[in-house]
Amino acid sequence: MCASRRKKLPEVSRVLAEVATGSRKADLIILDGTLVNVYTGKLQPHTDVAIAAGRIAYIGSAAHLAGPDTVLVHAKGRYIVPGLLDGHMHVESTMLSVTEFAKAALAKGTTGVFMDPHEIANVFGSEGVRWMHEEGQQLPLKVYTTFPSCVPSTDDLEDAGACLHVSDIEDGMTWDGVAGLGEVMNFPGVVHGDPKMAGEIAATINAGKTVTGHFPSDSDSELQAYIASGVSSCHETVTREQGLRKLELGMYLMVREGSAWHDVKEVIKVVTEDGADSAQVLLITDDVYPQTLIEKGHMNHVVRRAIEEGVDPVKAIQMGSINTARYFRVDGDVGGIAPGKCADVLLIGDLGRMEPSTVIADGEIVWEDGELRAGFPVYEYPAHARDSVRLARPLVPGDFAVPSTLGAASGGTEVRVIRAIENSARTGRGTARLEVAGGYIQPSVEQDVLTLACIDRHHGSGQISLAFAQGFGLKRGAVASTVAHDSHNLLVMGASHEDMAFAANELAKLGGGMIAVLDGQVLAAVPMVIAGLMSDQPLPTVARQVQELEQAWKTLGCTLNAPFMTFSLIALPVIPELRITNRGLADVDQFRLVPLELGTE
C-alpha cells in the first residue's frame with residue numbers, strides 16, 4: 001500500500017474498533033506466533049494478530065475474527081516482529097533508485113526508512129530532494145524524508161551543484177512525509193552561531209519536527225553547545241566513551257553498521273558493558289551498497305550484529321523499531337505491534353538470524369517464500385536528472401601533474417597526504433617525501449602515494465584541485481567516481497596520469513558513476529545516470545557491476561574492504577582529518593584550506 005492509499009488512524013478507527021469487538025471480520029490474521037512486544041520488552045507465545053484496513057485491530061486469541069474472506073497466515077511458532085526502521089540512511093549510497101532500494105529493503109524486513117537525500121541535493125538542490133521524496137511516497141516501503149541541512153556541507157571549503165537556504169528548509173517542513181532535518185554536518189557553524197544553521201534548526205523545531213545530527217569531534221564543550229542548539233542525535237560515534245557521553249547529555253545515540261562503517265562492535269558496549277539504558281539507542285545503516293543488501297541484509301543485519309555482540313534480541317529489535325519511531329515522533333503509526341498501529345509485521349523463525357520468511361506492510365503480504373508479492377510503480381525522473389556531469393573540456397594527462405613551488409632546487413619536497421582508513425569514514429593526516437622532476441611532484445607507488453584530483457563537474461568551470469592519497473594500495477591504473485560526498489564533484493585517483501585522464505573522460509561519457517581502468521581500457525564500471533549518483537537498473541544488475549568493480553580495484557592492487565566507498569568519502573570536509581575538495585586540500589580539524597607542500601604557509 002503506497003502513501004497515497006495509506007489510511008490515517010482517524011479514517012479507519014471505527015473499522016478497527018468493530019473488528020476488535022467482533023462485529024466485523026478481519027482482513028488478515030496471523031495465527032499462533034510468539035509476539036515480540038517492544039513496549040514491555042517481553043515475548044508473548046501463542047498470540048494471534050488481527051489486521052484490518054492496513055492497521056492492527058486486535059492482539060490475542062483471534063480465530064473468531066476470521067470470515068470467509070479473511071487471509072490466514074499460520075505463524076507455526078515463528079516470532080511476530082514489528083517491521084524494522086532505519087533511522088538514518090542515504091538511498092543514494094545503495095546506488096539504486098528509491099524504488100529498487102525499497103524492493104531490497106522490504107525483502108529483508110525493513111518497512112520504514114528515514115532517508116536523508118542530501119547527496120542528490122548537492123547536485124540538484126531542492127528539486128532533486130522532491131524527486132526522491134515523491135518516488136518514496138508511492139511505495140509499500142514507508143519512506144520518511146529528513147530534509148537536507150548542509151548543502152553544501154560547508155560554505156567555505158567546497159562548491160556543490162546547488163545550495164539550500166533556510167527558506168528551502170522552511171518549505172520542506174511543510175511537505176507531507178518530511179520527518180525532520182537531515183544530519184547537521186556543519187557542527188562548527190552550529191557551535192559558533194552561524195545564522196544559516198541556526199535558522200534551519202529553528203525552522204525545524206518550530207515545525208514540531210526532529211533535528212538529526214553529525215558530531216565527530218571529541219570536544220565536550222562543543223558537544224554540549226551543539227546539543228543546546230537543538231540537535232538531538234548523532235550517528236558519527238565510533239568509540240564507547242563518545243557514545244556514553246552523548247547518552248549522558250540526553251542525546252539519541254545512533255549506532256551505525258553499514259557496508260564500510262562497522263561501529264556496532266565498539267559502540268554497543270555502552271549497553272552491554274556500561275549498562276546504559278537503551279531507550280535512546282537507535283540502530284542505523286547510514287550507507288550500504290548492493291552486495292551488503294543481497295548477502296547480509298539491511299536493518300535485519302544491524303539488529304543481528306547487535307545480538308552477536310551480546311544485546312538481548314528483544315532489546316536489539318527495540319533499537320531497530322520503537323526507539324526510532326519515538327525519536328521521530330511517529331510511534332503512533334509505526335515501531336510496534338499494538339491496536340491502531342500500521343500493520344508492518346515480520347515473521348521470523350530465529351531471532352538470532354533475523355531472516356524474515358514473511359513481510360507484511362500496511363496489512364498486505366509484500367514478501368513471502370523468497371518472492372516479492374507487492375507491486376511497485378515506475379517513477380520517471382526528468383531528462384535533466386541524467387545530465388549532471390558537465391566538464392569544461394575533455395581531461396588530458398597534464399591536468400594531473402602537480403606543480404611544486406619548493407622542490408625544484410632540492411630535488412624533492414615534503415607534502416601533506418590524505419591517509420585512507422579501512423572501514424572508517426575518517427581519514428588520517430600524513431606526510432611524504434616525494435621527488436620533483438621538471439618542476440612537478442611525482443607520486444610514489446613504492447610509498448603507496450597516489451595522485452588525487454577533485455574536478456568541478458557541476459558548472460563546467462574547468463576547476464581542478466590536486467593532492468596525494470595513501471592507503472589504497474593501487475599499483476597501476478586509475479579509478480574515478482562522481483559519487484564524492486558530499487558535493488559530488490568528480491574524483492580521480494591513480495598511479496598513471498594517462499589512465500586518470502582516460503577514467504575521467506570515460507566516466508563523463510557514461511553520465512557518472514564509478515569506474516576502474518588500466519592502460520587505456522575499462523576494467524569495470526557502474527553507470528549511475530540519475531544525478532551521477534544512482535543507477536536506473538535493478539538490484540541484481542547493479543550488484544553484478546559493483547562486484548566487477550570491486551574485483552577491478554583488486555586487479556589494480558587494492559585490498560581494502562569496500563574501497564570505492566572509502567574513496568567516495570575522501571572529499572567530505574566535515575569529518576576529520578584531511579580531505580580534498582574542488583577548492584583544494586582541507587584540514588577539517590582547523591576547518592580551513594591548507595597548502596599541499598609543507599613549509600609554504
# chains A, B, ... in the order shown; residues from 1 in each chain; ligands from 1
>>> residues_around(residues="Pro403 in chain A", least_positions_apart="2", cutoff="12 Å", atoms="only C-alpha atoms", output="PyMOL selection string")
chain A and resi 398-401+405-408+412-413+415+435-443+451+465-467+596-597
>>> residues_around(residues="Ser167 in chain A", least_positions_apart="5", cutoff="10 Å", atoms="only C-alpha atoms", output="PyMOL selection string")
chain A and resi 172+196+199-200+203
>>> atom_distance(atom1="CA of Gly230 in chain A", atom2="CA of Ala260 in chain A")
29.2 Å
>>> residues_around(residues="range 384-388 of chain A", least_positions_apart="3", cutoff="8 Å", atoms="only C-alpha atoms", output="PDB file with N, CA and C atoms, in the first residue's frame")
ATOM      1  N   VAL A 123      23.566  18.016  -5.886  1.00  0.00           N
ATOM      2  CA  VAL A 123      23.627  18.076  -7.348  1.00  0.00           C
ATOM      3  C   VAL A 123      22.488  18.921  -7.914  1.00  0.00           C
ATOM      4  N   PHE A 124      21.266  18.688  -7.418  1.00  0.00           N
ATOM      5  CA  PHE A 124      20.095  19.348  -7.995  1.00  0.00           C
ATOM      6  C   PHE A 124      19.270  20.154  -6.996  1.00  0.00           C
ATOM      7  N   TYR A 381      12.153   9.947 -13.678  1.00  0.00           N
ATOM      8  CA  TYR A 381      12.931  11.152 -13.407  1.00  0.00           C
ATOM      9  C   TYR A 381      12.977  12.008 -14.672  1.00  0.00           C
ATOM     10  N   ARG A 457      32.344  19.198 -11.527  1.00  0.00           N
ATOM     11  CA  ARG A 457      31.536  18.548 -12.571  1.00  0.00           C
ATOM     12  C   ARG A 457      30.134  19.146 -12.669  1.00  0.00           C
ATOM     13  N   HIS A 458      29.909  20.229 -11.928  1.00  0.00           N
ATOM     14  CA  HIS A 458      28.576  20.830 -11.921  1.00  0.00           C
ATOM     15  C   HIS A 458      28.466  22.049 -12.822  1.00  0.00           C
ATOM     16  N   GLY A 511      27.733   9.309 -18.054  1.00  0.00           N
ATOM     17  CA  GLY A 511      26.771  10.089 -17.278  1.00  0.00           C
ATOM     18  C   GLY A 511      27.014  10.024 -15.791  1.00  0.00           C
ATOM     19  N   GLY A 512      28.196   9.540 -15.402  1.00  0.00           N
ATOM     20  CA  GLY A 512      28.549   9.468 -13.987  1.00  0.00           C
ATOM     21  C   GLY A 512      28.510   8.058 -13.452  1.00  0.00           C
ATOM     22  N   VAL A 529      23.253   7.025 -13.884  1.00  0.00           N
ATOM     23  CA  VAL A 529      22.792   8.103 -14.753  1.00  0.00           C
ATOM     24  C   VAL A 529      21.873   9.086 -14.040  1.00  0.00           C
ATOM     25  N   ILE A 530      21.319   8.709 -12.897  1.00  0.00           N
ATOM     26  CA  ILE A 530      20.445   9.617 -12.147  1.00  0.00           C
ATOM     27  C   ILE A 530      21.324  10.473 -11.240  1.00  0.00           C
ATOM     28  N   ALA A 531      21.557  11.703 -11.646  1.00  0.00           N
ATOM     29  CA  ALA A 531      22.363  12.679 -10.898  1.00  0.00           C
ATOM     30  C   ALA A 531      23.812  12.257 -10.726  1.00  0.00           C
ATOM     31  N   GLY A 532      24.267  11.256 -11.486  1.00  0.00           N
ATOM     32  CA  GLY A 532      25.613  10.740 -11.286  1.00  0.00           C
ATOM     33  C   GLY A 532      25.758   9.993  -9.979  1.00  0.00           C
TER      34      GLY A 532
END
>>> select_by_dssp(residues="range 337-407 of chain A", states="strand (DSSP E or B)", output="list of chain:residue names")
A:Cys342, A:Val345, A:Leu346, A:Leu347, A:Ile348, A:Pro356, A:Ser357, A:Thr358, A:Val359, A:Ile360, A:Ala361, A:Glu364, A:Ile365, A:Val366, A:Trp367, A:Glu368, A:Glu371, A:Leu372, A:Val402, A:Pro403
>>> closest_atom_pairs(of="range 24-134 of chain A", to="range 359-368 of chain A", cutoff="12 Å", atoms="only C-alpha atoms", output="Markdown table")
| residue | atom | partner | partner_atom | distance |
| --- | --- | --- | --- | --- |
| A:Ala26 | CA | A:Gly363 | CA | 10.4 |
| A:Asp27 | CA | A:Gly363 | CA | 8.1 |
| A:Leu28 | CA | A:Gly363 | CA | 7.2 |
| A:Ile29 | CA | A:Gly363 | CA | 9.4 |
| A:Ile30 | CA | A:Ile360 | CA | 10.3 |
| A:Val49 | CA | A:Gly363 | CA | 10.7 |
| A:Ala50 | CA | A:Gly363 | CA | 9.4 |
| A:Ile51 | CA | A:Gly363 | CA | 6.2 |
| A:Ala52 | CA | A:Gly363 | CA | 7.1 |
| A:Ala53 | CA | A:Gly363 | CA | 7.2 |
| A:Gly54 | CA | A:Gly363 | CA | 4.3 |
| A:Arg55 | CA | A:Gly363 | CA | 6.2 |
| A:Ile56 | CA | A:Gly363 | CA | 8.0 |
| A:Ala57 | CA | A:Gly363 | CA | 10.5 |
| A:Thr70 | CA | A:Gly363 | CA | 11.7 |
| A:Val71 | CA | A:Glu364 | CA | 9.8 |
| A:Leu72 | CA | A:Ile365 | CA | 11.1 |
| A:Val73 | CA | A:Ile365 | CA | 9.6 |
| A:Ala75 | CA | A:Val359 | CA | 11.9 |
| A:Tyr79 | CA | A:Val359 | CA | 11.9 |
| A:Ile80 | CA | A:Val359 | CA | 10.1 |
| A:Val81 | CA | A:Val359 | CA | 9.6 |
| A:Pro82 | CA | A:Ile360 | CA | 9.5 |
| A:Gly83 | CA | A:Ala361 | CA | 7.8 |
| A:Leu84 | CA | A:Val359 | CA | 10.4 |
| A:Ala102 | CA | A:Val366 | CA | 11.0 |
| A:Lys103 | CA | A:Val366 | CA | 9.2 |
| A:Ala104 | CA | A:Trp367 | CA | 10.2 |
| A:Ala105 | CA | A:Trp367 | CA | 10.5 |
| A:Leu106 | CA | A:Val359 | CA | 7.1 |
| A:Ala107 | CA | A:Trp367 | CA | 5.8 |
| A:Lys108 | CA | A:Val359 | CA | 8.2 |
| A:Gly109 | CA | A:Val359 | CA | 6.1 |
| A:Thr110 | CA | A:Val359 | CA | 8.8 |
| A:Thr111 | CA | A:Ala361 | CA | 6.5 |
| A:Gly112 | CA | A:Ala361 | CA | 9.3 |
>>> write_last_selection(atoms="N, CA and C atoms", output="JSON list (two decimals), in the first residue's frame")
[["chain", "number", "residue", "atom", "x", "y", "z"],
["A", 26, "ALA", "N", -11.88, -9.61, 10.33],
["A", 26, "ALA", "CA", -10.55, -9.08, 10.00],
["A", 26, "ALA", "C", -10.22, -9.34, 8.53],
["A", 27, "ASP", "N", -9.35, -8.51, 8.00],
["A", 27, "ASP", "CA", -8.86, -8.73, 6.63],
["A", 27, "ASP", "C", -7.79, -9.82, 6.60],
["A", 28, "LEU", "N", -6.95, -9.85, 7.64],
["A", 28, "LEU", "CA", -5.86, -10.83, 7.72],
["A", 28, "LEU", "C", -5.60, -11.14, 9.18],
["A", 29, "ILE", "N", -5.32, -12.39, 9.47],
["A", 29, "ILE", "CA", -4.99, -12.79, 10.84],
["A", 29, "ILE", "C", -3.72, -13.64, 10.82],
["A", 30, "ILE", "N", -2.78, -13.26, 11.66],
["A", 30, "ILE", "CA", -1.59, -14.07, 11.89],
["A", 30, "ILE", "C", -1.90, -14.96, 13.09],
["A", 49, "VAL", "N", -2.60, -12.05, 15.78],
["A", 49, "VAL", "CA", -2.69, -10.63, 15.47],
["A", 49, "VAL", "C", -3.69, -10.45, 14.32],
["A", 50, "ALA", "N", -4.76, -9.70, 14.59],
["A", 50, "ALA", "CA", -5.79, -9.45, 13.57],
["A", 50, "ALA", "C", -5.58, -8.08, 12.96],
["A", 51, "ILE", "N", -5.72, -8.00, 11.64],
["A", 51, "ILE", "CA", -5.43, -6.79, 10.88],
["A", 51, "ILE", "C", -6.64, -6.41, 10.04],
["A", 52, "ALA", "N", -6.91, -5.10, 9.98],
["A", 52, "ALA", "CA", -7.99, -4.59, 9.12],
["A", 52, "ALA", "C", -7.61, -3.20, 8.65],
["A", 53, "ALA", "N", -7.97, -2.89, 7.42],
["A", 53, "ALA", "CA", -7.74, -1.56, 6.85],
["A", 53, "ALA", "C", -6.27, -1.13, 6.97],
["A", 54, "GLY", "N", -5.36, -2.09, 6.89],
["A", 54, "GLY", "CA", -3.94, -1.78, 6.91],
["A", 54, "GLY", "C", -3.35, -1.55, 8.28],
["A", 55, "ARG", "N", -4.16, -1.74, 9.34],
["A", 55, "ARG", "CA", -3.66, -1.50, 10.70],
["A", 55, "ARG", "C", -4.01, -2.67, 11.62],
["A", 56, "ILE", "N", -3.35, -2.67, 12.77],
["A", 56, "ILE", "CA", -3.59, -3.69, 13.78],
["A", 56, "ILE", "C", -4.94, -3.42, 14.44],
["A", 57, "ALA", "N", -5.77, -4.45, 14.52],
["A", 57, "ALA", "CA", -7.09, -4.28, 15.14],
["A", 57, "ALA", "C", -7.18, -4.99, 16.48],
["A", 70, "THR", "N", -11.22, -13.64, 4.99],
["A", 70, "THR", "CA", -10.04, -13.32, 5.79],
["A", 70, "THR", "C", -8.84, -14.15, 5.34],
["A", 71, "VAL", "N", -7.71, -13.49, 5.14],
["A", 71, "VAL", "CA", -6.46, -14.20, 4.83],
["A", 71, "VAL", "C", -5.86, -14.70, 6.14],
["A", 72, "LEU", "N", -5.57, -15.99, 6.20],
["A", 72, "LEU", "CA", -4.99, -16.59, 7.40],
["A", 72, "LEU", "C", -3.52, -16.90, 7.15],
["A", 73, "VAL", "N", -2.68, -16.40, 8.02],
["A", 73, "VAL", "CA", -1.24, -16.65, 7.95],
["A", 73, "VAL", "C", -0.86, -17.43, 9.20],
["A", 75, "ALA", "N", 1.54, -18.71, 11.69],
["A", 75, "ALA", "CA", 2.91, -18.42, 12.11],
["A", 75, "ALA", "C", 3.69, -19.69, 12.44],
["A", 79, "TYR", "N", 8.30, -16.09, 15.32],
["A", 79, "TYR", "CA", 8.20, -14.85, 16.07],
["A", 79, "TYR", "C", 7.47, -13.79, 15.23],
["A", 80, "ILE", "N", 6.60, -13.05, 15.87],
["A", 80, "ILE", "CA", 5.89, -11.95, 15.23],
["A", 80, "ILE", "C", 6.60, -10.67, 15.65],
["A", 81, "VAL", "N", 7.28, -10.03, 14.71],
["A", 81, "VAL", "CA", 8.20, -8.94, 15.00],
["A", 81, "VAL", "C", 7.73, -7.67, 14.28],
["A", 82, "PRO", "N", 7.80, -6.52, 14.93],
["A", 82, "PRO", "CA", 7.44, -5.28, 14.21],
["A", 82, "PRO", "C", 8.42, -5.02, 13.07],
["A", 83, "GLY", "N", 7.92, -4.42, 12.00],
["A", 83, "GLY", "CA", 8.78, -4.04, 10.90],
["A", 83, "GLY", "C", 9.91, -3.15, 11.37],
["A", 84, "LEU", "N", 11.08, -3.33, 10.80],
["A", 84, "LEU", "CA", 12.27, -2.59, 11.24],
["A", 84, "LEU", "C", 12.34, -1.22, 10.57],
["A", 102, "ALA", "N", 13.76, -0.02, -2.24],
["A", 102, "ALA", "CA", 12.61, -0.46, -1.45],
["A", 102, "ALA", "C", 12.37, -1.95, -1.60],
["A", 103, "LYS", "N", 12.54, -2.47, -2.80],
["A", 103, "LYS", "CA", 12.35, -3.92, -3.02],
["A", 103, "LYS", "C", 13.33, -4.72, -2.17],
["A", 104, "ALA", "N", 14.59, -4.28, -2.17],
["A", 104, "ALA", "CA", 15.62, -5.00, -1.41],
["A", 104, "ALA", "C", 15.39, -4.86, 0.09],
["A", 105, "ALA", "N", 15.02, -3.67, 0.55],
["A", 105, "ALA", "CA", 14.84, -3.44, 1.98],
["A", 105, "ALA", "C", 13.65, -4.22, 2.54],
["A", 106, "LEU", "N", 12.54, -4.19, 1.83],
["A", 106, "LEU", "CA", 11.36, -4.91, 2.29],
["A", 106, "LEU", "C", 11.63, -6.41, 2.39],
["A", 107, "ALA", "N", 12.37, -6.95, 1.45],
["A", 107, "ALA", "CA", 12.67, -8.38, 1.47],
["A", 107, "ALA", "C", 13.48, -8.77, 2.71],
["A", 108, "LYS", "N", 14.16, -7.79, 3.31],
["A", 108, "LYS", "CA", 14.97, -8.06, 4.49],
["A", 108, "LYS", "C", 14.30, -7.59, 5.79],
["A", 109, "GLY", "N", 13.06, -7.15, 5.68],
["A", 109, "GLY", "CA", 12.31, -6.81, 6.89],
["A", 109, "GLY", "C", 12.31, -5.36, 7.29],
["A", 110, "THR", "N", 12.90, -4.49, 6.47],
["A", 110, "THR", "CA", 12.82, -3.05, 6.73],
["A", 110, "THR", "C", 11.52, -2.54, 6.14],
["A", 111, "THR", "N", 10.66, -1.98, 6.95],
["A", 111, "THR", "CA", 9.37, -1.49, 6.46],
["A", 111, "THR", "C", 9.28, 0.04, 6.47],
["A", 112, "GLY", "N", 10.31, 0.69, 7.01],
["A", 112, "GLY", "CA", 10.33, 2.15, 7.01],
["A", 112, "GLY", "C", 11.75, 2.68, 7.11]]
>>> select_by_dssp(residues="range 508-585 of chain A", states="alpha helix (DSSP H)", output="number ranges by chain")
A: 508-510, 539-555, 563-568
>>> write_last_selection(atoms="C-alpha atoms", output="JSON list (two decimals), in the first residue's frame")
[["chain", "number", "residue", "atom", "x", "y", "z"],
["A", 508, "ALA", "CA", 31.72, 11.54, -18.10],
["A", 509, "LYS", "CA", 30.53, 9.73, -21.24],
["A", 510, "LEU", "CA", 28.59, 7.26, -19.06],
["A", 539, "LEU", "CA", 19.46, -4.57, -7.94],
["A", 540, "PRO", "CA", 20.91, -7.78, -9.48],
["A", 541, "THR", "CA", 22.44, -5.81, -12.37],
["A", 542, "VAL", "CA", 23.93, -3.16, -10.11],
["A", 543, "ALA", "CA", 25.21, -5.80, -7.68],
["A", 544, "ARG", "CA", 27.00, -7.59, -10.53],
["A", 545, "GLN", "CA", 28.53, -4.32, -11.76],
["A", 546, "VAL", "CA", 29.69, -3.44, -8.24],
["A", 547, "GLN", "CA", 31.19, -6.89, -7.80],
["A", 548, "GLU", "CA", 33.11, -6.44, -11.05],
["A", 549, "LEU", "CA", 34.27, -3.01, -9.86],
["A", 550, "GLU", "CA", 35.48, -4.44, -6.57],
["A", 551, "GLN", "CA", 37.45, -7.07, -8.47],
["A", 552, "ALA", "CA", 38.91, -4.36, -10.71],
["A", 553, "TRP", "CA", 40.15, -2.45, -7.66],
["A", 554, "LYS", "CA", 41.87, -5.67, -6.54],
["A", 555, "THR", "CA", 43.41, -6.07, -10.01],
["A", 563, "PRO", "CA", 37.36, 0.65, -1.29],
["A", 564, "PHE", "CA", 35.05, 2.67, -3.53],
["A", 565, "MET", "CA", 33.02, 3.74, -0.50],
["A", 566, "THR", "CA", 36.15, 4.83, 1.35],
["A", 567, "PHE", "CA", 37.24, 6.64, -1.82],
["A", 568, "SER", "CA", 33.86, 8.36, -2.18]]
>>> closest_residue(among="A:Arg592, A:Tyr289, A:Ser357, A:Gln280", to="Asn323 in chain A", atoms="only C-alpha atoms")
A:Gln280
>>> decode(residues="range 28-38 of chain A", atoms="all heavy atoms", output="PDB file, in the first residue's frame")
ATOM      1  N   LEU A  28      -6.948  -9.851   7.641  1.00  0.00           N
ATOM      2  CA  LEU A  28      -5.862 -10.830   7.720  1.00  0.00           C
ATOM      3  C   LEU A  28      -5.604 -11.142   9.182  1.00  0.00           C
ATOM      4  O   LEU A  28      -5.676 -10.250  10.037  1.00  0.00           O
ATOM      5  CB  LEU A  28      -4.601 -10.263   7.051  1.00  0.00           C
ATOM      6  CG  LEU A  28      -3.353 -11.139   6.969  1.00  0.00           C
ATOM      7  CD1 LEU A  28      -2.561 -10.818   5.696  1.00  0.00           C
ATOM      8  CD2 LEU A  28      -2.440 -10.961   8.191  1.00  0.00           C
ATOM      9  N   ILE A  29      -5.320 -12.394   9.465  1.00  0.00           N
ATOM     10  CA  ILE A  29      -4.992 -12.790  10.836  1.00  0.00           C
ATOM     11  C   ILE A  29      -3.721 -13.636  10.818  1.00  0.00           C
ATOM     12  O   ILE A  29      -3.600 -14.588  10.050  1.00  0.00           O
ATOM     13  CB  ILE A  29      -6.125 -13.603  11.497  1.00  0.00           C
ATOM     14  CG1 ILE A  29      -7.427 -12.794  11.544  1.00  0.00           C
ATOM     15  CG2 ILE A  29      -5.719 -14.021  12.920  1.00  0.00           C
ATOM     16  CD1 ILE A  29      -8.613 -13.578  12.090  1.00  0.00           C
ATOM     17  N   ILE A  30      -2.782 -13.259  11.658  1.00  0.00           N
ATOM     18  CA  ILE A  30      -1.591 -14.073  11.895  1.00  0.00           C
ATOM     19  C   ILE A  30      -1.901 -14.959  13.085  1.00  0.00           C
ATOM     20  O   ILE A  30      -2.247 -14.467  14.164  1.00  0.00           O
ATOM     21  CB  ILE A  30      -0.362 -13.195  12.175  1.00  0.00           C
ATOM     22  CG1 ILE A  30      -0.093 -12.249  11.003  1.00  0.00           C
ATOM     23  CG2 ILE A  30       0.869 -14.061  12.449  1.00  0.00           C
ATOM     24  CD1 ILE A  30       0.941 -11.176  11.305  1.00  0.00           C
ATOM     25  N   LEU A  31      -1.766 -16.260  12.917  1.00  0.00           N
ATOM     26  CA  LEU A  31      -2.190 -17.211  13.934  1.00  0.00           C
ATOM     27  C   LEU A  31      -1.006 -17.872  14.624  1.00  0.00           C
ATOM     28  O   LEU A  31      -0.055 -18.324  13.974  1.00  0.00           O
ATOM     29  CB  LEU A  31      -3.078 -18.293  13.312  1.00  0.00           C
ATOM     30  CG  LEU A  31      -4.419 -17.811  12.726  1.00  0.00           C
ATOM     31  CD1 LEU A  31      -5.041 -18.914  11.868  1.00  0.00           C
ATOM     32  CD2 LEU A  31      -5.366 -17.413  13.851  1.00  0.00           C
ATOM     33  N   ASP A  32      -1.063 -17.917  15.947  1.00  0.00           N
ATOM     34  CA  ASP A  32      -0.186 -18.719  16.794  1.00  0.00           C
ATOM     35  C   ASP A  32       1.296 -18.438  16.577  1.00  0.00           C
ATOM     36  O   ASP A  32       2.072 -19.309  16.201  1.00  0.00           O
ATOM     37  CB  ASP A  32      -0.462 -20.210  16.578  1.00  0.00           C
ATOM     38  CG  ASP A  32       0.194 -21.067  17.664  1.00  0.00           C
ATOM     39  OD1 ASP A  32       0.450 -20.529  18.764  1.00  0.00           O
ATOM     40  OD2 ASP A  32       0.466 -22.252  17.390  1.00  0.00           O
ATOM     41  N   GLY A  33       1.676 -17.225  16.866  1.00  0.00           N
ATOM     42  CA  GLY A  33       3.097 -16.866  16.852  1.00  0.00           C
ATOM     43  C   GLY A  33       3.533 -16.368  18.219  1.00  0.00           C
ATOM     44  O   GLY A  33       2.715 -16.185  19.132  1.00  0.00           O
ATOM     45  N   THR A  34       4.814 -16.141  18.371  1.00  0.00           N
ATOM     46  CA  THR A  34       5.344 -15.549  19.598  1.00  0.00           C
ATOM     47  C   THR A  34       5.591 -14.075  19.336  1.00  0.00           C
ATOM     48  O   THR A  34       6.492 -13.707  18.573  1.00  0.00           O
ATOM     49  CB  THR A  34       6.656 -16.234  20.025  1.00  0.00           C
ATOM     50  OG1 THR A  34       6.394 -17.613  20.308  1.00  0.00           O
ATOM     51  CG2 THR A  34       7.229 -15.562  21.260  1.00  0.00           C
ATOM     52  N   LEU A  35       4.770 -13.245  19.940  1.00  0.00           N
ATOM     53  CA  LEU A  35       4.845 -11.803  19.703  1.00  0.00           C
ATOM     54  C   LEU A  35       6.041 -11.199  20.433  1.00  0.00           C
ATOM     55  O   LEU A  35       6.235 -11.397  21.635  1.00  0.00           O
ATOM     56  CB  LEU A  35       3.562 -11.128  20.189  1.00  0.00           C
ATOM     57  CG  LEU A  35       3.526  -9.596  20.079  1.00  0.00           C
ATOM     58  CD1 LEU A  35       3.510  -9.152  18.621  1.00  0.00           C
ATOM     59  CD2 LEU A  35       2.321  -9.027  20.824  1.00  0.00           C
ATOM     60  N   VAL A  36       6.859 -10.453  19.687  1.00  0.00           N
ATOM     61  CA  VAL A  36       7.925  -9.668  20.295  1.00  0.00           C
ATOM     62  C   VAL A  36       7.315  -8.318  20.666  1.00  0.00           C
ATOM     63  O   VAL A  36       7.065  -7.467  19.813  1.00  0.00           O
ATOM     64  CB  VAL A  36       9.106  -9.491  19.326  1.00  0.00           C
ATOM     65  CG1 VAL A  36      10.163  -8.578  19.943  1.00  0.00           C
ATOM     66  CG2 VAL A  36       9.713 -10.845  18.974  1.00  0.00           C
ATOM     67  N   ASN A  37       7.062  -8.139  21.940  1.00  0.00           N
ATOM     68  CA  ASN A  37       6.389  -6.927  22.411  1.00  0.00           C
ATOM     69  C   ASN A  37       7.440  -5.880  22.770  1.00  0.00           C
ATOM     70  O   ASN A  37       8.116  -5.977  23.799  1.00  0.00           O
ATOM     71  CB  ASN A  37       5.508  -7.230  23.624  1.00  0.00           C
ATOM     72  CG  ASN A  37       4.566  -6.086  23.929  1.00  0.00           C
ATOM     73  OD1 ASN A  37       4.958  -4.925  23.949  1.00  0.00           O
ATOM     74  ND2 ASN A  37       3.294  -6.403  24.174  1.00  0.00           N
ATOM     75  N   VAL A  38       7.610  -4.892  21.904  1.00  0.00           N
ATOM     76  CA  VAL A  38       8.647  -3.874  22.134  1.00  0.00           C
ATOM     77  C   VAL A  38       8.220  -2.849  23.173  1.00  0.00           C
ATOM     78  O   VAL A  38       9.038  -2.024  23.599  1.00  0.00           O
ATOM     79  CB  VAL A  38       9.009  -3.162  20.818  1.00  0.00           C
ATOM     80  CG1 VAL A  38       9.673  -4.121  19.844  1.00  0.00           C
ATOM     81  CG2 VAL A  38       7.795  -2.491  20.181  1.00  0.00           C
TER      82      VAL A  38
END
